[in-house]
Structures are given as C-alpha cells and as structure tokens.
>>> print(open('coords.txt').read())   # compact mmCIF, C-alpha atoms
# COMPACT_ATOMS: atom_id res chain seq x y z
CA MET A 279 69.69 52.70 -7.83
CA LYS A 280 70.30 49.14 -6.63
CA LYS A 281 73.83 50.12 -5.56
CA LEU A 282 72.47 53.11 -3.70
CA PHE A 283 69.85 50.98 -1.95
CA PHE A 284 72.48 48.39 -0.99
CA PHE A 285 74.79 51.12 0.29
CA VAL A 286 72.10 52.69 2.47
CA PHE A 287 71.02 49.27 3.74
CA SER A 288 74.64 48.39 4.60
CA VAL A 289 75.13 51.63 6.50
CA PHE A 290 72.09 50.93 8.66
CA ALA A 291 73.04 47.28 9.15
CA LEU A 292 76.63 48.05 10.16
CA SER A 293 75.67 50.91 12.44
CA GLY A 294 73.54 48.47 14.33
CA PHE A 295 76.21 45.74 14.41
CA ASP A 296 77.02 46.46 18.02
CA SER A 297 73.59 47.89 18.51
CA SER A 298 72.20 48.08 21.99
CA ALA A 299 68.67 48.50 20.74
CA GLN A 300 67.61 45.72 23.10
CA CYS A 301 70.19 46.53 25.75
CA ASN A 302 68.67 46.59 29.20
CA ALA A 303 71.70 47.94 30.99
CA GLU A 304 69.59 49.52 33.71
CA THR A 305 68.13 46.17 34.73
CA LEU A 306 71.52 44.49 34.55
CA SER A 307 73.12 47.15 36.72
CA SER A 308 70.36 46.67 39.30
CA GLN A 309 70.92 42.90 39.20
CA CYS A 310 74.56 43.47 40.07
CA ILE A 311 73.76 45.12 43.40
CA PRO A 312 72.80 42.01 45.38
CA LYS A 313 75.76 40.23 43.81
CA LEU A 314 78.23 42.44 45.66
CA ALA A 315 79.99 40.19 48.16
CA SER A 316 78.79 40.05 51.72
CA GLY A 317 79.90 42.99 53.85
CA TYR A 318 80.10 45.46 50.99
CA ASN A 319 77.86 48.54 51.12
CA PHE A 320 76.40 49.61 47.80
CA LEU A 321 77.66 52.89 46.36
CA LYS A 322 76.84 53.19 42.66
CA SER A 323 75.40 51.21 39.79
CA TYR A 324 76.64 51.77 36.28
CA LYS A 325 75.04 51.11 32.92
CA VAL A 326 77.47 49.55 30.48
CA GLU A 327 76.32 50.02 26.90
CA LYS A 328 78.72 50.16 23.98
CA ALA A 329 76.29 52.04 21.70
CA GLY A 330 78.97 52.86 19.13
CA LYS A 331 81.55 54.06 21.64
CA GLU A 332 85.06 52.65 22.04
CA TYR A 333 84.54 52.34 25.78
CA VAL A 334 82.33 53.41 28.65
CA GLU A 335 84.00 55.16 31.54
CA TYR A 336 83.06 56.41 34.97
CA SER A 337 85.18 57.82 37.76
CA TYR A 338 85.06 57.80 41.54
CA VAL A 339 87.27 59.04 44.35
CA PHE A 340 88.63 55.99 46.17
CA THR A 341 89.90 56.43 49.72
CA LYS A 342 92.98 54.83 51.22
CA GLY A 343 92.10 52.15 53.73
CA THR A 344 88.76 51.31 52.12
CA GLN A 345 88.09 48.16 50.10
CA TYR A 346 86.03 48.49 46.96
CA MET A 347 84.33 45.90 44.81
CA ILE A 348 83.29 46.31 41.19
CA ASN A 349 81.26 43.57 39.57
CA ILE A 350 79.79 42.99 36.13
CA CYS A 351 76.48 41.53 35.09
CA ALA A 352 75.71 40.60 31.49
CA PRO A 353 72.84 38.93 29.62
CA ASP A 354 74.73 35.73 28.93
CA GLN A 355 77.51 34.09 30.88
CA ASN A 356 79.37 35.84 33.69
CA SER A 357 80.76 39.08 32.28
CA ASP A 358 80.24 38.10 28.64
CA GLY A 359 83.39 39.59 27.15
CA ILE A 360 83.06 42.85 28.99
CA VAL A 361 86.42 43.97 30.31
CA VAL A 362 86.57 46.34 33.26
CA THR A 363 89.86 48.11 33.84
CA LEU A 364 90.70 50.34 36.74
CA TYR A 365 93.10 53.26 36.24
CA ASP A 366 94.46 55.66 38.82
CA SER A 367 94.39 59.44 38.43
CA LYS A 368 97.54 59.37 36.32
CA ARG A 369 96.01 56.70 34.07
CA ASN A 370 98.24 53.94 35.42
CA LYS A 371 96.50 50.60 35.03
CA VAL A 372 95.66 49.25 38.45
CA ALA A 373 93.49 46.23 37.76
CA SER A 374 91.63 44.40 35.01
CA ASN A 375 89.14 41.55 35.17
CA LYS A 376 90.53 39.82 32.07
CA VAL A 377 93.13 37.18 32.85
CA ASP A 378 94.42 34.64 30.32
CA ASP A 379 91.37 35.10 28.09
CA GLN A 380 89.09 34.58 31.07
CA TYR A 381 86.70 37.24 32.31
CA ILE A 382 86.38 37.47 36.07
CA ALA A 383 83.01 38.73 37.26
CA ALA A 384 84.27 40.94 40.09
CA ILE A 385 87.30 42.87 41.23
CA ALA A 386 88.04 43.47 44.90
CA TYR A 387 90.33 46.45 45.33
CA PRO A 388 91.73 47.42 48.74
CA CYS A 389 92.80 51.00 48.12
CA ASN A 390 96.19 52.16 49.36
CA ALA A 391 96.26 55.51 47.58
CA THR A 392 93.47 58.08 47.79
CA GLY A 393 92.59 59.70 44.50
CA ILE A 394 90.36 59.76 41.46
CA TYR A 395 90.08 56.36 39.80
CA TYR A 396 88.69 55.68 36.35
CA ILE A 397 86.50 52.62 35.83
CA GLN A 398 86.61 51.76 32.14
CA TYR A 399 84.52 49.15 30.37
CA THR A 400 85.58 47.79 26.98
CA PHE A 401 84.04 45.07 24.86
CA ASP A 402 85.78 42.08 23.36
CA ASP A 403 84.43 40.67 20.10
CA GLU A 404 82.34 37.98 21.74
CA SER A 405 80.52 40.50 23.91
CA SER A 406 76.86 41.40 23.59
CA PHE A 407 78.06 44.95 24.21
CA CYS A 408 75.58 45.37 27.00
CA GLY A 409 75.85 44.96 30.73
CA GLY A 410 75.62 46.46 34.14
CA SER A 411 77.98 47.00 37.01
CA ALA A 412 77.87 47.86 40.67
CA LEU A 413 80.38 49.46 43.01
CA GLY A 414 80.47 48.80 46.73
CA PHE A 415 82.77 49.41 49.67
CA LYS A 416 83.71 48.12 53.07
CA ARG A 417 86.27 49.13 55.68
CA MET B 194 29.60 79.90 25.41
CA ARG B 195 31.03 82.76 27.51
CA ILE B 196 29.87 80.98 30.69
CA LEU B 197 31.52 77.73 29.51
CA PHE B 198 34.75 79.54 28.66
CA GLY B 199 34.73 81.28 32.04
CA GLY B 200 34.12 77.99 33.81
CA VAL B 201 37.02 76.27 32.02
CA PHE B 202 39.24 79.26 32.79
CA LEU B 203 38.37 79.08 36.50
CA VAL B 204 39.03 75.32 36.58
CA LEU B 205 42.41 75.80 34.93
CA LEU B 206 43.22 78.62 37.33
CA ALA B 207 42.35 76.41 40.32
CA GLY B 208 44.45 73.60 38.86
CA CYS B 209 47.42 75.90 38.69
CA SER B 210 47.22 76.56 42.39
CA SER B 211 50.54 76.18 44.16
CA GLY B 212 48.98 74.10 46.91
CA ASN B 213 50.58 74.77 50.27
CA LYS B 214 53.00 77.44 48.96
CA SER B 215 52.07 81.07 48.89
CA GLU B 216 51.81 82.53 45.42
CA GLU B 217 54.78 84.77 46.11
CA GLN B 218 56.96 81.83 47.17
CA ALA B 219 55.94 79.75 44.18
CA PHE B 220 56.78 82.65 41.89
CA ALA B 221 60.18 83.11 43.56
CA ASP B 222 60.98 79.39 43.27
CA ALA B 223 60.02 79.40 39.61
CA LEU B 224 62.34 82.32 38.94
CA GLU B 225 65.21 80.88 40.98
CA GLY B 226 66.04 78.14 38.56
CA THR B 227 64.59 79.52 35.34
CA ASP B 228 67.85 80.33 33.62
CA LEU B 229 69.55 77.14 34.77
CA GLU B 230 66.66 74.82 33.93
CA THR B 231 67.07 75.55 30.25
CA GLN B 232 70.82 74.88 30.25
CA VAL B 233 72.13 71.76 28.63
CA ILE B 234 74.19 70.01 31.26
CA SER B 235 77.56 69.09 29.91
CA GLY B 236 78.94 65.59 30.12
CA GLU B 237 81.78 66.95 32.19
CA VAL B 238 79.41 68.14 34.94
CA ASN B 239 77.75 64.73 35.11
CA ASP B 240 81.09 62.92 35.11
CA ILE B 241 82.32 64.97 38.05
CA LEU B 242 79.01 64.64 39.90
CA HIS B 243 79.23 60.85 39.75
CA ARG B 244 82.75 60.71 41.16
CA ILE B 245 81.95 62.56 44.40
CA PRO B 246 82.09 59.84 47.09
CA SER B 247 79.17 58.98 49.28
CA PRO B 248 79.25 60.53 52.77
CA LEU B 249 78.35 57.05 53.98
CA GLU B 250 82.02 56.07 53.62
CA ILE B 251 83.01 58.58 56.28
CA SER B 252 80.20 57.51 58.62
CA VAL B 253 81.35 53.89 58.36
CA LEU B 254 84.95 54.94 58.97
CA LEU B 255 83.98 56.88 62.10
CA LYS B 256 81.95 54.04 63.54
CA GLU B 257 84.48 51.33 62.81
CA SER B 258 87.25 53.44 64.35
CA GLY B 259 85.37 53.24 67.64
CA LYS B 260 84.05 56.80 67.79
CA LYS B 261 80.75 57.11 69.63
CA TYR B 262 77.56 58.51 68.21
CA ASN B 263 77.17 62.23 68.84
CA ALA B 264 73.89 63.80 67.75
CA SER B 265 75.02 67.28 68.75
CA VAL B 266 77.29 67.53 65.71
CA LEU B 267 74.37 67.07 63.32
CA ASN B 268 71.99 69.68 61.89
CA SER B 269 68.75 69.51 63.82
CA PRO B 270 65.80 68.26 61.75
CA ASP B 271 63.78 71.00 63.47
CA ASN B 272 65.68 73.61 61.43
CA LEU B 273 63.65 72.56 58.40
CA SER B 274 61.38 75.61 58.48
CA ARG B 275 64.36 77.88 57.83
CA TYR B 276 64.86 76.49 54.32
CA ASN B 277 62.49 78.43 52.10
CA THR B 278 64.41 78.66 48.84
CA ASN B 279 65.43 75.87 46.50
CA TYR B 280 69.05 76.85 47.03
CA LYS B 281 68.84 76.27 50.80
CA ARG B 282 66.59 73.25 50.39
CA ALA B 283 69.01 71.46 48.06
CA LEU B 284 72.03 72.21 50.24
CA ASN B 285 70.28 71.07 53.40
CA LEU B 286 68.84 68.02 51.69
CA GLY B 287 72.45 67.00 51.23
CA ILE B 288 73.28 67.87 54.82
CA TYR B 289 70.32 65.91 56.17
CA GLY B 290 71.22 63.04 53.86
CA THR B 291 74.63 62.80 55.48
CA ASP B 292 73.08 63.09 58.94
CA LEU B 293 70.66 60.30 58.07
CA GLY B 294 73.50 58.06 56.95
CA TYR B 295 75.30 58.79 60.22
CA THR B 296 72.25 57.93 62.34
CA ASN B 297 71.68 54.77 60.29
CA ILE B 298 75.23 53.50 60.68
CA TYR B 299 74.97 53.98 64.43
CA GLU B 300 71.50 52.41 64.37
CA GLN B 301 69.88 55.41 66.02
CA ARG B 302 66.36 54.65 64.88
CA GLN B 303 64.44 57.53 66.41
CA ASP B 304 66.86 60.11 65.10
CA GLY B 305 66.75 58.38 61.72
CA ILE B 306 62.99 58.72 61.56
CA ARG B 307 63.19 62.45 62.33
CA TYR B 308 65.75 62.99 59.59
CA MET B 309 63.69 60.96 57.12
CA SER B 310 60.72 63.19 57.83
CA SER B 311 62.67 66.38 57.20
CA ILE B 312 64.27 64.92 54.09
CA ARG B 313 60.89 63.95 52.75
CA ASP B 314 59.54 67.48 53.31
CA LEU B 315 62.52 69.06 51.56
CA ALA B 316 62.21 66.62 48.67
CA VAL B 317 58.53 67.47 48.22
CA GLU B 318 59.36 71.19 48.11
CA LEU B 319 61.99 70.44 45.47
CA ASN B 320 59.48 68.41 43.45
CA ILE B 321 61.36 65.15 44.01
CA GLY B 322 59.16 63.75 46.75
CA GLN B 323 58.32 60.69 44.65
CA PHE B 324 61.67 59.16 45.67
CA PHE B 325 60.75 58.81 49.31
CA GLU B 326 58.06 56.37 50.33
CA THR B 327 57.90 57.38 53.94
CA GLU B 328 55.91 54.40 55.15
CA THR B 329 58.32 51.83 53.73
CA ILE B 330 61.41 53.59 54.96
CA GLY B 331 59.82 54.22 58.35
CA ARG B 332 59.24 50.48 58.77
CA LEU B 333 62.81 49.71 57.84
CA VAL B 334 64.19 52.30 60.22
CA SER B 335 62.31 50.69 63.08
CA ASN B 336 63.58 47.20 62.18
CA SER B 337 67.21 46.90 63.22
CA SER B 338 67.80 43.66 61.31
CA ASN B 339 67.25 45.52 58.07
CA LEU B 340 70.18 47.92 58.37
CA ASP B 341 71.72 46.66 55.12
CA SER B 342 68.41 47.14 53.31
CA LEU B 343 67.98 50.59 54.82
CA LEU B 344 71.43 51.70 53.68
CA LEU B 345 70.82 50.23 50.24
CA ILE B 346 67.44 51.90 49.79
CA THR B 347 68.59 55.32 50.95
CA THR B 348 71.72 55.18 48.78
CA GLN B 349 69.67 54.11 45.77
CA ASN B 350 67.18 56.88 46.46
CA PHE B 351 69.84 59.56 46.55
CA ASN B 352 71.47 58.18 43.40
CA SER B 353 68.06 58.19 41.68
CA ILE B 354 67.45 61.76 42.74
CA ASN B 355 70.71 62.86 41.14
CA HIS B 356 69.93 61.00 37.91
CA TYR B 357 66.45 62.50 37.82
CA LEU B 358 67.66 66.05 38.45
CA GLN B 359 70.22 65.68 35.69
CA SER B 360 67.62 64.37 33.28
CA GLN B 361 65.39 67.34 34.11
CA ASN B 362 68.18 69.85 33.44
CA ARG B 363 68.28 70.62 37.16
CA SER B 364 71.84 69.46 37.77
CA HIS B 365 72.53 72.64 39.71
CA LEU B 366 70.38 71.15 42.48
CA SER B 367 72.46 67.95 42.32
CA VAL B 368 75.59 70.03 42.73
CA LEU B 369 74.13 71.78 45.77
CA PHE B 370 72.86 68.49 47.20
CA LEU B 371 76.29 66.85 46.91
CA THR B 372 78.07 69.96 48.19
CA GLY B 373 75.86 70.06 51.27
CA GLY B 374 76.36 66.35 51.87
CA TRP B 375 80.13 66.60 51.55
CA LEU B 376 80.38 69.67 53.76
CA GLU B 377 78.39 67.93 56.49
CA ALA B 378 80.66 64.88 56.30
CA LEU B 379 83.71 67.13 56.59
CA HIS B 380 82.14 68.95 59.51
CA ILE B 381 81.34 65.73 61.40
CA THR B 382 84.85 64.40 60.83
CA CYS B 383 86.39 67.65 62.00
CA GLU B 384 84.28 67.70 65.15
CA VAL B 385 85.29 64.13 65.96
CA ALA B 386 88.93 64.99 65.25
CA LYS B 387 88.65 67.94 67.64
CA SER B 388 87.98 65.44 70.41
CA ASN B 389 90.80 63.21 69.17
CA PRO B 390 93.50 65.68 68.10
CA THR B 391 96.30 63.16 67.81
CA ASN B 392 94.42 60.59 65.74
CA PRO B 393 96.39 60.31 62.48
CA GLN B 394 93.63 58.47 60.59
CA LEU B 395 91.15 61.27 61.20
CA GLN B 396 93.70 63.88 60.18
CA GLU B 397 94.49 61.97 57.02
CA THR B 398 90.79 61.59 56.22
CA ILE B 399 90.33 65.33 56.58
CA GLY B 400 93.37 66.07 54.44
CA ALA B 401 92.16 63.75 51.69
CA GLN B 402 89.01 65.86 51.32
CA LYS B 403 91.20 68.27 49.40
CA ILE B 404 90.66 66.12 46.32
CA ILE B 405 86.89 66.24 46.64
CA LEU B 406 86.80 69.97 47.33
CA ASP B 407 88.74 70.58 44.11
CA ASN B 408 86.02 68.72 42.22
CA ILE B 409 83.20 70.56 43.99
CA LEU B 410 84.76 73.92 43.21
CA HIS B 411 85.09 72.86 39.59
CA LEU B 412 81.37 71.95 39.53
CA LEU B 413 80.30 75.25 41.08
CA SER B 414 82.41 77.17 38.61
CA PHE B 415 80.10 76.03 35.79
CA TYR B 416 77.27 78.02 37.35
CA LYS B 417 78.95 81.09 38.78
CA GLU B 418 78.16 83.33 35.81
CA ASN B 419 74.42 82.61 35.86
CA ASP B 420 73.53 82.04 39.49
CA ARG B 421 74.46 84.46 42.25
CA ASN B 422 73.73 81.92 44.99
CA MET B 423 76.16 79.40 43.59
CA ALA B 424 78.67 82.15 42.87
CA GLY B 425 78.34 83.16 46.51
CA LEU B 426 78.86 79.58 47.67
CA LEU B 427 81.95 79.35 45.48
CA ALA B 428 83.29 82.51 47.11
CA ASP B 429 82.48 81.16 50.59
CA LEU B 430 84.46 77.99 49.84
CA GLU B 431 87.55 79.90 48.72
CA PRO B 432 89.02 80.30 52.23
CA LEU B 433 88.51 76.57 52.74
CA LYS B 434 90.43 75.90 49.55
CA GLN B 435 93.24 78.10 50.79
CA SER B 436 93.45 76.03 53.96
CA PHE B 437 93.47 72.81 51.98
CA ASP B 438 96.21 74.19 49.72
CA LYS B 439 98.58 73.68 52.64
CA VAL B 440 97.79 69.95 52.63
CA VAL B 441 100.19 67.91 50.52
CA ILE B 442 99.06 64.59 49.08
CA THR B 443 101.81 62.46 47.56
CA THR B 444 101.14 59.29 45.62
CA ILE B 445 103.72 56.70 44.61
CA TYR B 446 102.58 54.27 41.94
CA LYS B 447 103.72 50.67 41.87
CA PRO B 448 102.17 47.98 39.71
CA SER B 449 99.58 45.94 41.54
CA THR B 450 99.40 42.18 41.77
CA PHE B 451 96.38 39.94 42.08
CA GLN B 452 95.01 36.49 42.68
CA VAL B 453 91.63 35.00 41.86
CA VAL B 454 89.82 33.79 44.95
CA ASP B 455 86.38 32.19 44.68
CA GLY B 456 85.68 33.85 41.34
CA VAL B 457 86.78 37.30 42.51
CA MET B 458 89.94 39.01 41.39
CA VAL B 459 91.52 40.20 44.62
CA VAL B 460 94.01 42.97 43.89
CA LYS B 461 97.01 43.84 46.00
CA ASP B 462 97.52 47.56 45.61
CA ASN B 463 101.26 48.24 45.88
CA SER B 464 100.86 51.97 45.38
CA SER B 465 100.77 54.27 48.37
CA SER B 466 99.75 57.78 49.25
CA THR B 467 100.63 60.07 52.12
CA VAL B 468 98.74 63.09 53.38
CA GLU B 469 100.82 65.80 55.03
CA ILE B 470 98.59 67.80 57.33
CA THR B 471 99.26 69.47 60.67
CA GLN B 472 96.96 69.91 63.66
CA SER B 473 96.96 73.61 62.86
CA ASP B 474 95.74 72.81 59.33
CA VAL B 475 93.01 70.61 60.76
CA GLU B 476 91.85 73.34 63.13
CA SER B 477 91.84 75.91 60.34
CA ILE B 478 89.80 73.62 58.10
CA ARG B 479 87.43 72.81 60.95
CA SER B 480 86.82 76.45 61.79
CA ILE B 481 86.24 77.59 58.22
CA ALA B 482 84.01 74.63 57.40
CA GLN B 483 81.96 75.36 60.50
CA ASN B 484 81.46 78.99 59.44
CA ILE B 485 80.34 77.97 55.96
CA ARG B 486 78.03 75.33 57.37
CA THR B 487 76.52 77.71 59.92
CA LYS B 488 75.62 80.10 57.13
CA ILE B 489 73.95 77.30 55.17
CA ILE B 490 71.93 75.77 58.01
CA SER B 491 70.80 79.07 59.51
>>> encode(input="coords.txt", output="structure tokens")
Amino acid sequence: MKKLFFFVFSVFALSGFDSSAQCNAETLSSQCIPKLASGYNFLKSYKVEKAGKEYVEYSYVFTKGTQYMINICAPDQNSDGIVVTLYDSKRNKVASNKVDDQYIAAIAYPCNATGIYYIQYTFDDESSFCGGSALGFKR
Amino acid sequence: MRILFGGVFLVLLAGCSSGNKSEEQAFADALEGTDLETQVISGEVNDILHRIPSPLEISVLLKESGKKYNASVLNSPDNLSRYNTNYKRALNLGIYGTDLGYTNIYEQRQDGIRYMSSIRDLAVELNIGQFFETETIGRLVSNSSNLDSLLLITTQNFNSINHYLQSQNRSHLSVLFLTGGWLEALHITCEVAKSNPTNPQLQETIGAQKIILDNILHLLSFYKENDRNMAGLLADLEPLKQSFDKVVITTIYKPSTFQVVDGVMVVKDNSSSTVEITQSDVESIRSIAQNIRTKIIS
C-alpha cells in the first residue's frame, strides 16, 4: 500500500515537473507586443507553454521583401531558456535565438523567400517552460 | 399557480425575443450553422488559420511603393444591408476588415469611420460585437497621431475574434472571414497592378498569393461535405486556382548568417525565391477574382 501510494504520488509530481499550472502565457504574449522594435507593425501574439509537449509550434506565410520580428517574453530574465527557431517550408533551419549558450530576446528576419515558415519554441532545462511571443512586420 | 406559471412562461418568451431580427431571420441564422457549431475543430484547421497573413501587409506594401489611395476599389460600406446571412456577413466582415486596414494605412479618417461602423454592425449580427468598442476606435480614427495604436487595436481585435470563434466551435466563420479578407487584398492589388502593368513587384506579390490560396482551399475543404455555402465558395475559387497553377514559385535555400545588434539577432537570409508570372496570368487572376468578389459583395 505504501509503495502504491508513493507510486501514485510520484506520477502526479513528475507530471507536474514542467507544469504550467501557474503559466500566464497570455499575459506574457501581450507584454511582448510593445517590445517589438520601433517601426514594426504587430501581426500575431503567441502563447508559449510547454505543458508536457516537446515543443510549441506556429506557422505563418512570410513574404519576400518584408522584415519580420519575433520576440520572446518570459517571467524571469530575458527569454528564460526558451529557444525560438525559425524553419522554412522544407524544414530548413533559418534562424535561432540561442547563440553560444546565450538566449537573444528577439530575431529580426528580412525575408528573401516567400513561403510558409514554422516558428518553433523549445525549452532548455533552466526554462520556466512558460512565455509569450509576438510577431511583427515592416517593409 | 396557473397564473404564475403563465406569467413566467410569458417572461421567458419575451426574453427569447430576437431583438431587431425578424423571427424568420433568426430561425434561418440558427439553422445555418447548426451542424457546424457542434463540430470539433481540428488542430490542423486552427494551425492553417493562424498562418494566413494579415491583409495589412499588402496595404503597407502598396502605400510604401508610392501607389495613391483609391477608394473606388473598395467595397462600399453602404452595401451592408445586402448581407443578411451569416455566410455573407462573415465574408464581408473580412472584406471590410481589409478595406479598413487600407483606409487606415492611408490615413483616410472619414472613410475609416464609415468602415468601422459597418464592421461593427456585421459583428453584432454575428454575435461578436463585444470586440468593437465604437467610441474608443472612433476617437482613435479621428486622431492622426495614433495611427500605430489604431493599427494595433484593430489587428488585436481581429485576432481576438478568430480566437473567440474557434473557442465557440464557429471556426467556419473564421475561415470565411479570412477568405473574404484575403480576396479583398488580392482584388485591391490586382486593381493597382492594372494601372501599373509593368510593375514587377506588384506582379510578384500577386503571384505569391498562390501559396495562401492553397491554404484557403485546404481550409474550405474541411467543410465542403456539411455546408453547401462553403462548398459553393470552394467551387467558385477553383477557376482562380487554375489560373494560379500557371504561376511558378521557385525557392533556393542557402544557410543564413546573423549578427547580434543591440540585443536583437539580425538575420541575413541568403535564400531566395522567384515568382514566374506573366501579364496575361495577372489579368486572368484579376478578372476571376473580381467575378468571385462581385458575387460575394452583391
């Protein structure tokens, strides 16, 4: 009985290890909007919550000749271990905000090839697994 | 007790009044989406919905390329009374949304106010009127220094509408809203290109819409079995697809490079894409899009 109780307790504890029970991704994504650099028009805000998933992914059609910015907002410092990676329609990696173990809070991407792009968020170990992101554009 | 019961019944009956709508119209609207409102919207539908670009991008492109404002290419806000079904309302909400973005970018305040009014009325009929606070937006429209705020608020509103519709199992209205908005953006670009037939940027912009049309057709295909209106729209768009099939988009991937400037990773995209499209293709696309649009706004 004690083993059973411990097992059940462990299952619940581990399932909540990267829990986003307190994750306020909606607020964080809204906070990211005014942080888009000057001149960028807001397009989309994205909630970034791990919630047991390997990654969070959105997609958007980027247009050649347009500059896009994607930023990240997290509860703690800068992007708090949240990695955003941009892939083109063929899943070629185009950009990532992680450089030399540093997490850059925003990516500016001047698009040269129109197509569907995938915006993927992954979480390094030190992450709170919760954040928000905003996408903007300028010509 | 019978009198009390009768009184409660009459109160409930009055409370169920459809307000400004006739009973017949309210009944028709309720039937229109009944089957679809109970559908569970797949993750794939939502994923595709979110990737459709904002028509605002095209409006900004047109203005920054030096093209002048032309109200005659837009759908008149006075056509509002024609839209008496949720199908037409949702499509034209998208169309008016694009027109509003166009008037905003060109800072045409009076036109913007007229479009806001029509949008608000359509939204109320679609039971999403809570997303438009007319007084606030009206003040912003009349204040030219708040253009950035105006664009932000209207974009956020339209994003919120889509999220709300999806949460209410009414994604079919989101699909119609985005389809209408995209079609209007294509129409405006085509009309501008008609006046500038040798402008390669406009031709390329039109050709690139092939990618978005493919996604819109995919979205509509989810509903074609259960909704004759959306099946009809899918059929109407088929000739447009055939025209776009002649457009060839070629992408060459090369690894990008980057540098960090003031805390921002600035990417240098070394990939490239080309859009092969002829003036004949552009005219064909323009003509077909106009026919489809005329049917929707009439």
>>> interface_residues(input="coords.txt", of="chain B", to="chain A", cutoff="8 Å", atoms="all atoms listed in the file", output="PyMOL selection string")
chain B and resi 240-241+243-247+250+253-254+257+341+344-345+348-349+352+401+404-405+444+446+448-449+456-467
>>> axis_aligned_box(input="coords.txt", around="region 306-318 of chain B", padding_each_side="4 Å", output="JSON")
{"center_x": 62.1, "center_y": 65.0, "center_z": 55.2, "size_x": 15.2, "size_y": 20.5, "size_z": 22.2}
>>> atom_distance(input="coords.txt", atom1="CA of Leu267 (chain B)", atom2="CA of His356 (chain B)")
26.5 Å
>>> closest_residue(input="coords.txt", among="A:Tyr333, A:Leu314, A:Lys325, A:Gln398", to="Gly410 (chain A)", atoms="only C-alpha atoms")
A:Lys325
>>> residues_around(input="coords.txt", residues="region 434-443 of chain B", least_positions_apart="5", cutoff="12 Å", atoms="all atoms listed in the file", output="PyMOL selection string")
(chain A and resi 342+390-393) or (chain B and resi 396-411+427-429+464-482)
>>> residues_around(input="coords.txt", residues="Ser265 (chain B)", least_positions_apart="2", cutoff="12 Å", atoms="all atoms listed in the file", output="list in words")
Lys261, Tyr262, Asn263, Leu267, Asn268, Ser269, Pro270, Asp292, Thr296, Asp304, His380, Ile381, Glu384 and Val385 of chain B
>>> atom_distance(input="coords.txt", atom1="CA of Tyr308 (chain B)", atom2="CA of Ile288 (chain B)")
10.2 Å
>>> atom_distance(input="coords.txt", atom1="CA of Asp358 (chain A)", atom2="CA of Ser405 (chain A)")
5.3 Å
>>> closest_residue(input="coords.txt", among="B:Ser388, B:Thr372, B:Ser342, B:Gln483", to="Lys281 (chain B)", atoms="all atoms listed in the file")
B:Thr372
>>> residues_around(input="coords.txt", residues="Arg313 (chain B)", least_positions_apart="3", cutoff="7 Å", atoms="all atoms listed in the file", output="VMD selection string")
chain B and resid 309 to 310 316 to 317 322 325
>>> closest_residue(input="coords.txt", among="A:Ala412, A:Cys351, A:Val361, A:Ala329", to="Cys301 (chain A)", atoms="all atoms listed in the file")
A:Ala329
